[in-house]
Every structure is written in C-alpha cells, then in structure tokens.
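These notes are about the structure you will find just below.
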Amino acid sequence: MEQVGAAVTLFEAGDPVWYAGSIGRPGSQSELHLVDERLAGPKPSTLDFAPAAALPLTALTAWESLFDRLRLGPDSRGTLLVLGAAGGVGSILVQLARKLTGVEIVGTASRPESRDWALARGAHRVVGHRELPSGIDYVFSPHSDGMIDTFARVMNPYGHIVAIDEPDGLDLLPLKEKSIAWHWELMFTRALHDPSSRAQHDILREVAGLVDRGVLESTMTTRLDGLTAANLREAHRIVESGSAIGKVVVTAG
C-alpha cells in the first residue's frame, strides 16, 4: 500500500494488502489503484504478491457463493456440484467447500489435467461436463446457458443453485416443480450497493489466515511478468480460450 487517506483506520502506508476492488472505479489493468479500505484485507504473509493476486476476486466470489448464498457450513451435508471445478473460481471454491463444509463435492472437467487439478484441490470425484449425476442438492454454476433443464432433472427437490454468469433469456420455470431456488452471486455488489460494509475485508482476512495455516493454496498457474500490452493480450487469450486451469496473473514487472 503506497498511501492511505486521513480517514483510513484498518491499514497504514506500507502494509501489504490484497483486494478485488470495485467495478465502480477504473483501474483493473493500471499500475496503481484507489480502493476503499473496507474492500481490502491483509495479504497472506506466506505468499508473494503474484500468487496472492490470483485469489481475492475468486475467493470472495467462492466464499459469498458458499456461505452467503447457499448458506453452507461445517454441519452441512448433501452433494455440491461444481461446474468448471478447475477454473478460476472453481479452484478455490472446491478448496473452501472441502475444508469448511461437510458436503460431498462433485466437480466437472473435460481433460485429464483439469480432472487431476480438481481432485488435488479437494473434489471427492470429477465427472465430464455432460455426465452429471443425479441426487444433487447444491450447484455452483459459471456456465448456466442451456443447463436449466439438466439442473431440473439431476437435482433433488428443494435444492439451491448459485450462478455467476449472465446468460441472455434465461428461463428458470423448469426449476419450479422441484422448488429449486436460484441465487445470483456478484462479488462487486457490496462495493456498488453496500459501501459501508466491511464484510469483504473480514472475508479476505479470514482467507489470508487459512492460506497462512496451509489450509488453502494459491490457484495461480500462469505468471506473465511485465504490465505490457503483449502480456495483457496473452492473459486475455488464455482466459478466453475456455480451457484455462486456475488463474493467470500479470505482474507489474
């Protein structure tokens, strides 16, 4: 942290921090950011900045999905289906669910390397994207387009789905017969509509502690050194390929 404002109480200049910030402010690919202290947390002391940078956005999304939307906890049981379990959010969500809940985790993956990655992160089993088992109680969905009928078929009554994507014209009516609940998750909601909340500061502090205790690990798989146009294009290419495992990190140099 380069500087702090006069009203800042959670940090001092020079403190190593991590955060996802707000889409209400510019700067996602800039060298310096202006961020509300309530959206930032202390960086894990056991991680360098690059592997630490892979986690805040995805860890916040995963945490809010599991614990705020699905209301899971240590005593929760049932089966959680994680679509794209080797992806950016899936990679940390699987870890959190395995360590902090009692649910069985079924991940989806299409290639041997992504299946192995998901299993290593804590999935109890991994199936193909089109091989979804029945008896599902909870679903984490980053890919909901064309999946509603399938969810209605494989899920138990009174199940819960949390989605982070934005498919056009989504028809949820097939879920009604089983009274399946649909939840949206956008980790920027707090920054945009609940600016007085320091919940994300608290979540990031908790996640940092879990990392430092060896409970969670970074999901960085690709590191591109240098904040250059070429590296930014390459990072976007990898993510947009749809086959990336874990997270891509671009460093300042």
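By order of appearance in the structure tokens: chains A, B, ..., then residues from 1 within every chain, and ligands from 1 in the order shown.
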
Counting only C-alpha atoms, which residues in segment 4-53 of chain A sit no more than 9 Å from segment 187-203 of chain A? For each one, give the nearest pair of atoms and the distance in Å, sorted by chain then residue number, as CSV.
residue,atom,partner,partner_atom,distance
A:Tyr19,CA,A:His201,CA,8.3
A:Ala20,CA,A:Phe188,CA,8.4
A:Gly21,CA,A:Ala191,CA,7.5
A:Ser22,CA,A:Ala191,CA,5.6
A:Ile23,CA,A:Phe188,CA,6.8
A:Gly24,CA,A:Leu192,CA,6.6
A:Asp36,CA,A:Ala191,CA,8.6
A:Glu37,CA,A:His201,CA,7.5
A:Arg38,CA,A:Arg198,CA,4.5
A:Leu39,CA,A:His201,CA,5.1
A:Ala40,CA,A:His201,CA,5.1
A:Gly41,CA,A:His201,CA,4.9
A:Pro42,CA,A:His201,CA,8.3

Store the residues picked out above in a file with C-alpha atoms, as a PDB file, in the first residue's frame.
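New file again-v8.pdb:
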ATOM      1  CA  TYR A  19      -8.299  -6.953  -2.781  1.00  0.00           C
ATOM      2  CA  ALA A  20     -10.659  -7.227  -5.746  1.00  0.00           C
ATOM      3  CA  GLY A  21     -11.840  -3.625  -5.530  1.00  0.00           C
ATOM      4  CA  SER A  22     -14.848  -2.213  -7.353  1.00  0.00           C
ATOM      5  CA  ILE A  23     -16.061  -2.061 -10.941  1.00  0.00           C
ATOM      6  CA  GLY A  24     -17.379   1.367  -9.999  1.00  0.00           C
ATOM      7  CA  ASP A  36     -11.789   1.516  -0.231  1.00  0.00           C
ATOM      8  CA  GLU A  37     -10.100   0.009   2.834  1.00  0.00           C
ATOM      9  CA  ARG A  38     -13.278  -1.965   3.602  1.00  0.00           C
ATOM     10  CA  LEU A  39     -12.751  -3.949   0.378  1.00  0.00           C
ATOM     11  CA  ALA A  40      -9.121  -4.830   1.150  1.00  0.00           C
ATOM     12  CA  GLY A  41      -7.524  -7.291   3.523  1.00  0.00           C
ATOM     13  CA  PRO A  42      -4.019  -8.079   4.758  1.00  0.00           C
TER      14      PRO A  42
END

- Every residue of segment 10-66 of chain A that DSSP places in strand (DSSP E or B), as a ChimeraX atom specification: /A:17-19,40-42

Output N, CA and C atoms of each residue in that selection to a file, as a PDB file, in the first residue's frame.
ATOM      1  N   VAL A  17      -1.314  -5.551   1.098  1.00  0.00           N
ATOM      2  CA  VAL A  17      -2.739  -5.837   1.077  1.00  0.00           C
ATOM      3  C   VAL A  17      -3.113  -6.596  -0.198  1.00  0.00           C
ATOM      4  N   TRP A  18      -4.308  -7.171  -0.168  1.00  0.00           N
ATOM      5  CA  TRP A  18      -4.875  -7.765  -1.380  1.00  0.00           C
ATOM      6  C   TRP A  18      -6.360  -7.417  -1.427  1.00  0.00           C
ATOM      7  N   TYR A  19      -6.918  -7.401  -2.617  1.00  0.00           N
ATOM      8  CA  TYR A  19      -8.299  -6.953  -2.781  1.00  0.00           C
ATOM      9  C   TYR A  19      -8.762  -7.252  -4.197  1.00  0.00           C
ATOM     10  N   ALA A  40     -10.466  -4.251   1.165  1.00  0.00           N
ATOM     11  CA  ALA A  40      -9.121  -4.830   1.150  1.00  0.00           C
ATOM     12  C   ALA A  40      -8.857  -5.594   2.443  1.00  0.00           C
ATOM     13  N   GLY A  41      -7.930  -6.536   2.351  1.00  0.00           N
ATOM     14  CA  GLY A  41      -7.524  -7.291   3.523  1.00  0.00           C
ATOM     15  C   GLY A  41      -6.017  -7.412   3.566  1.00  0.00           C
ATOM     16  N   PRO A  42      -5.464  -7.871   4.678  1.00  0.00           N
ATOM     17  CA  PRO A  42      -4.019  -8.079   4.758  1.00  0.00           C
ATOM     18  C   PRO A  42      -3.601  -9.272   3.899  1.00  0.00           C
TER      19      PRO A  42
END

- Query: Contacts of Glu31 of chain A at 12 Å or less, counting only C-alpha atoms, minus same-chain residues fewer than 6 places along, as a list in words?
  - Reply: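 Once the adjacent positions are removed, what remains is Glu2, Gly226, Leu227, Thr228, Val250, Thr251, Ala252 and Gly253 of chain A.
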
- Query: Which is closer to Ala152 of chain A than all the others in A:Glu206, A:Asp137, A:Glu234, A:Asp225, using only C-alpha atoms?
  - Reply: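 Smallest distance to Ala152 of chain A is found for A:Asp137.
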
- From the list A:Val106, A:Ile164, A:Met147, A:Leu60, which residue is nearest Pro133 of chain A when using only C-alpha atoms? A:Val106

- Message: Write out as an MDAnalysis selection string the set of residues from segment 32-100 of chain A that DSSP, computed on the backbone, places in alpha helix (DSSP H).
- Response: chainID A and resid 49:53 56:63 88:100

- Can you work out which one of A:Phe11, A:Pro44, A:His33, A:Lys178 has the shortest atom-to-atom distance to Arg213 of chain A, counting only C-alpha atoms?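 Checking each of A:Phe11, A:Pro44, A:His33, A:Lys178 against Arg213 of chain A, counting only C-alpha atoms, the winner is A:Pro44.
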
- Which residue out of A:Gln3, A:Thr101, A:Ser218, A:Thr9 has the minimum interatomic distance to Leu70 of chain A when only C-alpha atoms are used? A:Thr101

- Just how far from atom CA of Ser241 of chain A is atom CA of Ser141 of chain A, in Å to one decimal? 18.3 Å

- Message: To one decimal place in Å, what is the distance between atom CA of Lys176 of chain A and atom CA of Gly84 of chain A?
- Response: 24.9 Å

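Distances to Gln95 of chain A were evaluated for A:Ser76, A:Thr219, A:Ser179, A:Ser28 using only C-alpha atoms, and the minimum falls at A:Thr219.
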
- Work out how far apart atom CA of Lys247 of chain A and atom CA of Met220 of chain A are and give it in Å to one decimal. 4.6 Å

- Can you pull out every residue within 9 Å of Trp63 of chain A, counting only C-alpha atoms, but drop anything in the same chain fewer than 6 positions away, and send it as a VMD selection string? chain A and resid 92 to 93 96 to 97 203

List as a PDB file with N, CA and C atoms, in the first residue's frame the protein and nucleic acid residues near Val103 of chain A, meaning an atom at most 12 Å away when only C-alpha atoms are counted, but skip any in the same chain fewer than 3 places from it.
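around.pdb, freshly written:
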ATOM      1  N   LEU A  66     -20.749 -19.861  -1.386  1.00  0.00           N
ATOM      2  CA  LEU A  66     -20.938 -20.983  -0.468  1.00  0.00           C
ATOM      3  C   LEU A  66     -21.647 -20.591   0.816  1.00  0.00           C
ATOM      4  N   LEU A  70     -25.586 -19.983  -0.592  1.00  0.00           N
ATOM      5  CA  LEU A  70     -26.028 -21.352  -0.323  1.00  0.00           C
ATOM      6  C   LEU A  70     -26.167 -21.640   1.172  1.00  0.00           C
ATOM      7  N   ARG A  71     -25.604 -20.781   2.010  1.00  0.00           N
ATOM      8  CA  ARG A  71     -25.712 -20.920   3.465  1.00  0.00           C
ATOM      9  C   ARG A  71     -25.135 -22.242   3.963  1.00  0.00           C
ATOM     10  N   LEU A  72     -24.045 -22.667   3.369  1.00  0.00           N
ATOM     11  CA  LEU A  72     -23.403 -23.899   3.809  1.00  0.00           C
ATOM     12  C   LEU A  72     -22.526 -23.635   5.029  1.00  0.00           C
ATOM     13  N   GLY A  73     -22.215 -24.705   5.760  1.00  0.00           N
ATOM     14  CA  GLY A  73     -21.373 -24.591   6.935  1.00  0.00           C
ATOM     15  C   GLY A  73     -20.787 -25.936   7.306  1.00  0.00           C
ATOM     16  N   PRO A  74     -20.098 -26.012   8.444  1.00  0.00           N
ATOM     17  CA  PRO A  74     -19.440 -27.264   8.840  1.00  0.00           C
ATOM     18  C   PRO A  74     -20.397 -28.442   8.987  1.00  0.00           C
ATOM     19  N   ASP A  75     -21.645 -28.165   9.355  1.00  0.00           N
ATOM     20  CA  ASP A  75     -22.610 -29.244   9.570  1.00  0.00           C
ATOM     21  C   ASP A  75     -23.442 -29.568   8.333  1.00  0.00           C
ATOM     22  N   SER A  76     -23.176 -28.864   7.231  1.00  0.00           N
ATOM     23  CA  SER A  76     -23.956 -29.098   6.005  1.00  0.00           C
ATOM     24  C   SER A  76     -23.614 -30.454   5.411  1.00  0.00           C
ATOM     25  N   ARG A  77     -24.632 -31.112   4.871  1.00  0.00           N
ATOM     26  CA  ARG A  77     -24.448 -32.399   4.205  1.00  0.00           C
ATOM     27  C   ARG A  77     -25.117 -32.311   2.832  1.00  0.00           C
ATOM     28  N   GLY A  78     -25.091 -33.392   2.084  1.00  0.00           N
ATOM     29  CA  GLY A  78     -25.629 -33.385   0.738  1.00  0.00           C
ATOM     30  C   GLY A  78     -24.511 -33.316  -0.281  1.00  0.00           C
ATOM     31  N   THR A  79     -24.877 -33.108  -1.537  1.00  0.00           N
ATOM     32  CA  THR A  79     -23.916 -33.122  -2.636  1.00  0.00           C
ATOM     33  C   THR A  79     -23.901 -31.774  -3.334  1.00  0.00           C
ATOM     34  N   LEU A  80     -22.698 -31.244  -3.498  1.00  0.00           N
ATOM     35  CA  LEU A  80     -22.473 -29.976  -4.191  1.00  0.00           C
ATOM     36  C   LEU A  80     -21.847 -30.264  -5.543  1.00  0.00           C
ATOM     37  N   LEU A  81     -22.499 -29.793  -6.616  1.00  0.00           N
ATOM     38  CA  LEU A  81     -21.959 -29.921  -7.968  1.00  0.00           C
ATOM     39  C   LEU A  81     -21.277 -28.609  -8.336  1.00  0.00           C
ATOM     40  N   VAL A  82     -20.001 -28.689  -8.691  1.00  0.00           N
ATOM     41  CA  VAL A  82     -19.221 -27.510  -9.070  1.00  0.00           C
ATOM     42  C   VAL A  82     -18.897 -27.609 -10.548  1.00  0.00           C
ATOM     43  N   VAL A  94     -13.759 -25.188  -4.531  1.00  0.00           N
ATOM     44  CA  VAL A  94     -13.624 -26.593  -4.139  1.00  0.00           C
ATOM     45  C   VAL A  94     -12.813 -26.704  -2.849  1.00  0.00           C
ATOM     46  N   GLN A  95     -11.740 -25.940  -2.745  1.00  0.00           N
ATOM     47  CA  GLN A  95     -10.926 -25.977  -1.524  1.00  0.00           C
ATOM     48  C   GLN A  95     -11.724 -25.532  -0.308  1.00  0.00           C
ATOM     49  N   LEU A  96     -12.443 -24.418  -0.449  1.00  0.00           N
ATOM     50  CA  LEU A  96     -13.231 -23.909   0.673  1.00  0.00           C
ATOM     51  C   LEU A  96     -14.319 -24.894   1.080  1.00  0.00           C
ATOM     52  N   ALA A  97     -15.003 -25.455   0.085  1.00  0.00           N
ATOM     53  CA  ALA A  97     -16.079 -26.395   0.398  1.00  0.00           C
ATOM     54  C   ALA A  97     -15.540 -27.652   1.088  1.00  0.00           C
ATOM     55  N   ARG A  98     -14.375 -28.128   0.654  1.00  0.00           N
ATOM     56  CA  ARG A  98     -13.803 -29.345   1.242  1.00  0.00           C
ATOM     57  C   ARG A  98     -13.346 -29.098   2.679  1.00  0.00           C
ATOM     58  N   LYS A  99     -12.767 -27.933   2.923  1.00  0.00           N
ATOM     59  CA  LYS A  99     -12.194 -27.658   4.244  1.00  0.00           C
ATOM     60  C   LYS A  99     -13.214 -27.141   5.255  1.00  0.00           C
ATOM     61  N   LEU A 100     -14.247 -26.433   4.791  1.00  0.00           N
ATOM     62  CA  LEU A 100     -15.118 -25.715   5.714  1.00  0.00           C
ATOM     63  C   LEU A 100     -16.567 -26.186   5.722  1.00  0.00           C
ATOM     64  N   VAL A 106     -18.752 -32.801  -6.093  1.00  0.00           N
ATOM     65  CA  VAL A 106     -18.615 -33.391  -7.422  1.00  0.00           C
ATOM     66  C   VAL A 106     -18.250 -32.266  -8.378  1.00  0.00           C
ATOM     67  N   GLY A 122      -9.435 -30.913  -3.891  1.00  0.00           N
ATOM     68  CA  GLY A 122     -10.335 -31.412  -2.862  1.00  0.00           C
ATOM     69  C   GLY A 122     -11.647 -31.992  -3.331  1.00  0.00           C
ATOM     70  N   ALA A 123     -11.917 -32.017  -4.635  1.00  0.00           N
ATOM     71  CA  ALA A 123     -13.147 -32.641  -5.120  1.00  0.00           C
ATOM     72  C   ALA A 123     -13.143 -34.129  -4.754  1.00  0.00           C
ATOM     73  N   HIS A 124     -14.284 -34.634  -4.306  1.00  0.00           N
ATOM     74  CA  HIS A 124     -14.365 -36.063  -3.985  1.00  0.00           C
ATOM     75  C   HIS A 124     -14.372 -36.910  -5.252  1.00  0.00           C
ATOM     76  N   ILE A 136     -28.326 -34.316  -6.757  1.00  0.00           N
ATOM     77  CA  ILE A 136     -27.566 -33.117  -6.411  1.00  0.00           C
ATOM     78  C   ILE A 136     -28.416 -32.187  -5.539  1.00  0.00           C
ATOM     79  N   ASP A 137     -27.810 -31.658  -4.491  1.00  0.00           N
ATOM     80  CA  ASP A 137     -28.516 -30.731  -3.604  1.00  0.00           C
ATOM     81  C   ASP A 137     -28.148 -29.269  -3.854  1.00  0.00           C
ATOM     82  N   TYR A 138     -26.902 -29.033  -4.256  1.00  0.00           N
ATOM     83  CA  TYR A 138     -26.412 -27.670  -4.463  1.00  0.00           C
ATOM     84  C   TYR A 138     -25.608 -27.635  -5.763  1.00  0.00           C
ATOM     85  N   VAL A 139     -25.708 -26.503  -6.467  1.00  0.00           N
ATOM     86  CA  VAL A 139     -24.954 -26.333  -7.705  1.00  0.00           C
ATOM     87  C   VAL A 139     -24.271 -24.981  -7.695  1.00  0.00           C
TER      88      VAL A 139
END

- Measuring atom to atom with only C-alpha atoms, identify which of A:Ile245, A:Leu55, A:Leu10, A:Ile148 is nearest to Glu217 of chain A.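 Result for the nearest residue to Glu217 of chain A: A:Leu55.
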
Please identify all polymer residues within 12 Å of Leu172 of chain A, counting only C-alpha atoms, omitting same-chain residues fewer than 2 positions from it, and present them as a PDB file with N, CA and C atoms, in the first residue's frame.
ATOM      1  N   SER A 144     -24.392 -21.375 -17.134  1.00  0.00           N
ATOM      2  CA  SER A 144     -25.800 -21.747 -16.948  1.00  0.00           C
ATOM      3  C   SER A 144     -26.585 -21.860 -18.241  1.00  0.00           C
ATOM      4  N   ASP A 145     -26.074 -21.289 -19.319  1.00  0.00           N
ATOM      5  CA  ASP A 145     -26.810 -21.289 -20.581  1.00  0.00           C
ATOM      6  C   ASP A 145     -27.057 -22.717 -21.057  1.00  0.00           C
ATOM      7  N   GLY A 146     -28.318 -23.068 -21.298  1.00  0.00           N
ATOM      8  CA  GLY A 146     -28.665 -24.395 -21.774  1.00  0.00           C
ATOM      9  C   GLY A 146     -28.651 -25.475 -20.702  1.00  0.00           C
ATOM     10  N   MET A 147     -28.491 -25.089 -19.431  1.00  0.00           N
ATOM     11  CA  MET A 147     -28.345 -26.076 -18.363  1.00  0.00           C
ATOM     12  C   MET A 147     -29.580 -26.203 -17.466  1.00  0.00           C
ATOM     13  N   ILE A 148     -30.571 -25.362 -17.642  1.00  0.00           N
ATOM     14  CA  ILE A 148     -31.677 -25.333 -16.677  1.00  0.00           C
ATOM     15  C   ILE A 148     -32.460 -26.640 -16.673  1.00  0.00           C
ATOM     16  N   ASP A 149     -32.760 -27.172 -17.841  1.00  0.00           N
ATOM     17  CA  ASP A 149     -33.480 -28.451 -17.887  1.00  0.00           C
ATOM     18  C   ASP A 149     -32.659 -29.562 -17.235  1.00  0.00           C
ATOM     19  N   THR A 150     -31.355 -29.543 -17.447  1.00  0.00           N
ATOM     20  CA  THR A 150     -30.486 -30.548 -16.833  1.00  0.00           C
ATOM     21  C   THR A 150     -30.480 -30.413 -15.323  1.00  0.00           C
ATOM     22  N   PHE A 151     -30.366 -29.174 -14.824  1.00  0.00           N
ATOM     23  CA  PHE A 151     -30.419 -28.966 -13.377  1.00  0.00           C
ATOM     24  C   PHE A 151     -31.734 -29.497 -12.803  1.00  0.00           C
ATOM     25  N   ALA A 152     -32.839 -29.208 -13.484  1.00  0.00           N
ATOM     26  CA  ALA A 152     -34.146 -29.663 -13.004  1.00  0.00           C
ATOM     27  C   ALA A 152     -34.208 -31.191 -12.944  1.00  0.00           C
ATOM     28  N   ILE A 161     -29.233 -23.387  -6.324  1.00  0.00           N
ATOM     29  CA  ILE A 161     -28.247 -23.111  -7.369  1.00  0.00           C
ATOM     30  C   ILE A 161     -27.732 -21.695  -7.175  1.00  0.00           C
ATOM     31  N   PRO A 167     -26.296 -15.292 -18.667  1.00  0.00           N
ATOM     32  CA  PRO A 167     -26.883 -15.758 -19.928  1.00  0.00           C
ATOM     33  C   PRO A 167     -28.138 -14.969 -20.300  1.00  0.00           C
ATOM     34  N   ASP A 168     -28.286 -14.682 -21.572  1.00  0.00           N
ATOM     35  CA  ASP A 168     -29.464 -13.953 -22.050  1.00  0.00           C
ATOM     36  C   ASP A 168     -30.692 -14.868 -22.055  1.00  0.00           C
ATOM     37  N   GLY A 169     -31.838 -14.308 -21.718  1.00  0.00           N
ATOM     38  CA  GLY A 169     -33.102 -15.006 -21.851  1.00  0.00           C
ATOM     39  C   GLY A 169     -33.210 -16.274 -21.030  1.00  0.00           C
ATOM     40  N   LEU A 170     -32.658 -16.276 -19.836  1.00  0.00           N
ATOM     41  CA  LEU A 170     -32.657 -17.481 -19.004  1.00  0.00           C
ATOM     42  C   LEU A 170     -34.066 -17.779 -18.499  1.00  0.00           C
ATOM     43  N   PRO A 174     -38.463 -24.427 -15.467  1.00  0.00           N
ATOM     44  CA  PRO A 174     -38.331 -25.864 -15.210  1.00  0.00           C
ATOM     45  C   PRO A 174     -37.922 -26.205 -13.777  1.00  0.00           C
ATOM     46  N   LEU A 175     -37.387 -25.232 -13.033  1.00  0.00           N
ATOM     47  CA  LEU A 175     -36.959 -25.494 -11.657  1.00  0.00           C
ATOM     48  C   LEU A 175     -38.126 -25.458 -10.671  1.00  0.00           C
ATOM     49  N   LYS A 176     -39.259 -24.942 -11.095  1.00  0.00           N
ATOM     50  CA  LYS A 176     -40.359 -24.715 -10.154  1.00  0.00           C
ATOM     51  C   LYS A 176     -40.935 -26.006  -9.595  1.00  0.00           C
ATOM     52  N   GLU A 177     -41.076 -27.030 -10.428  1.00  0.00           N
ATOM     53  CA  GLU A 177     -41.730 -28.260  -9.975  1.00  0.00           C
ATOM     54  C   GLU A 177     -41.041 -28.852  -8.753  1.00  0.00           C
ATOM     55  N   LYS A 178     -39.712 -28.711  -8.672  1.00  0.00           N
ATOM     56  CA  LYS A 178     -38.976 -29.229  -7.522  1.00  0.00           C
ATOM     57  C   LYS A 178     -38.674 -28.142  -6.478  1.00  0.00           C
ATOM     58  N   SER A 179     -39.231 -26.958  -6.662  1.00  0.00           N
ATOM     59  CA  SER A 179     -38.987 -25.839  -5.743  1.00  0.00           C
ATOM     60  C   SER A 179     -37.490 -25.600  -5.550  1.00  0.00           C
ATOM     61  N   ILE A 180     -36.767 -25.595  -6.651  1.00  0.00           N
ATOM     62  CA  ILE A 180     -35.325 -25.353  -6.620  1.00  0.00           C
ATOM     63  C   ILE A 180     -35.071 -23.852  -6.627  1.00  0.00           C
ATOM     64  N   ALA A 181     -34.275 -23.381  -5.681  1.00  0.00           N
ATOM     65  CA  ALA A 181     -34.015 -21.945  -5.533  1.00  0.00           C
ATOM     66  C   ALA A 181     -32.825 -21.525  -6.397  1.00  0.00           C
ATOM     67  N   TRP A 182     -32.950 -20.331  -6.968  1.00  0.00           N
ATOM     68  CA  TRP A 182     -31.882 -19.764  -7.818  1.00  0.00           C
ATOM     69  C   TRP A 182     -31.308 -18.527  -7.127  1.00  0.00           C
ATOM     70  N   HIS A 183     -29.986 -18.485  -6.993  1.00  0.00           N
ATOM     71  CA  HIS A 183     -29.310 -17.354  -6.371  1.00  0.00           C
ATOM     72  C   HIS A 183     -28.290 -16.773  -7.349  1.00  0.00           C
TER      73      HIS A 183
END
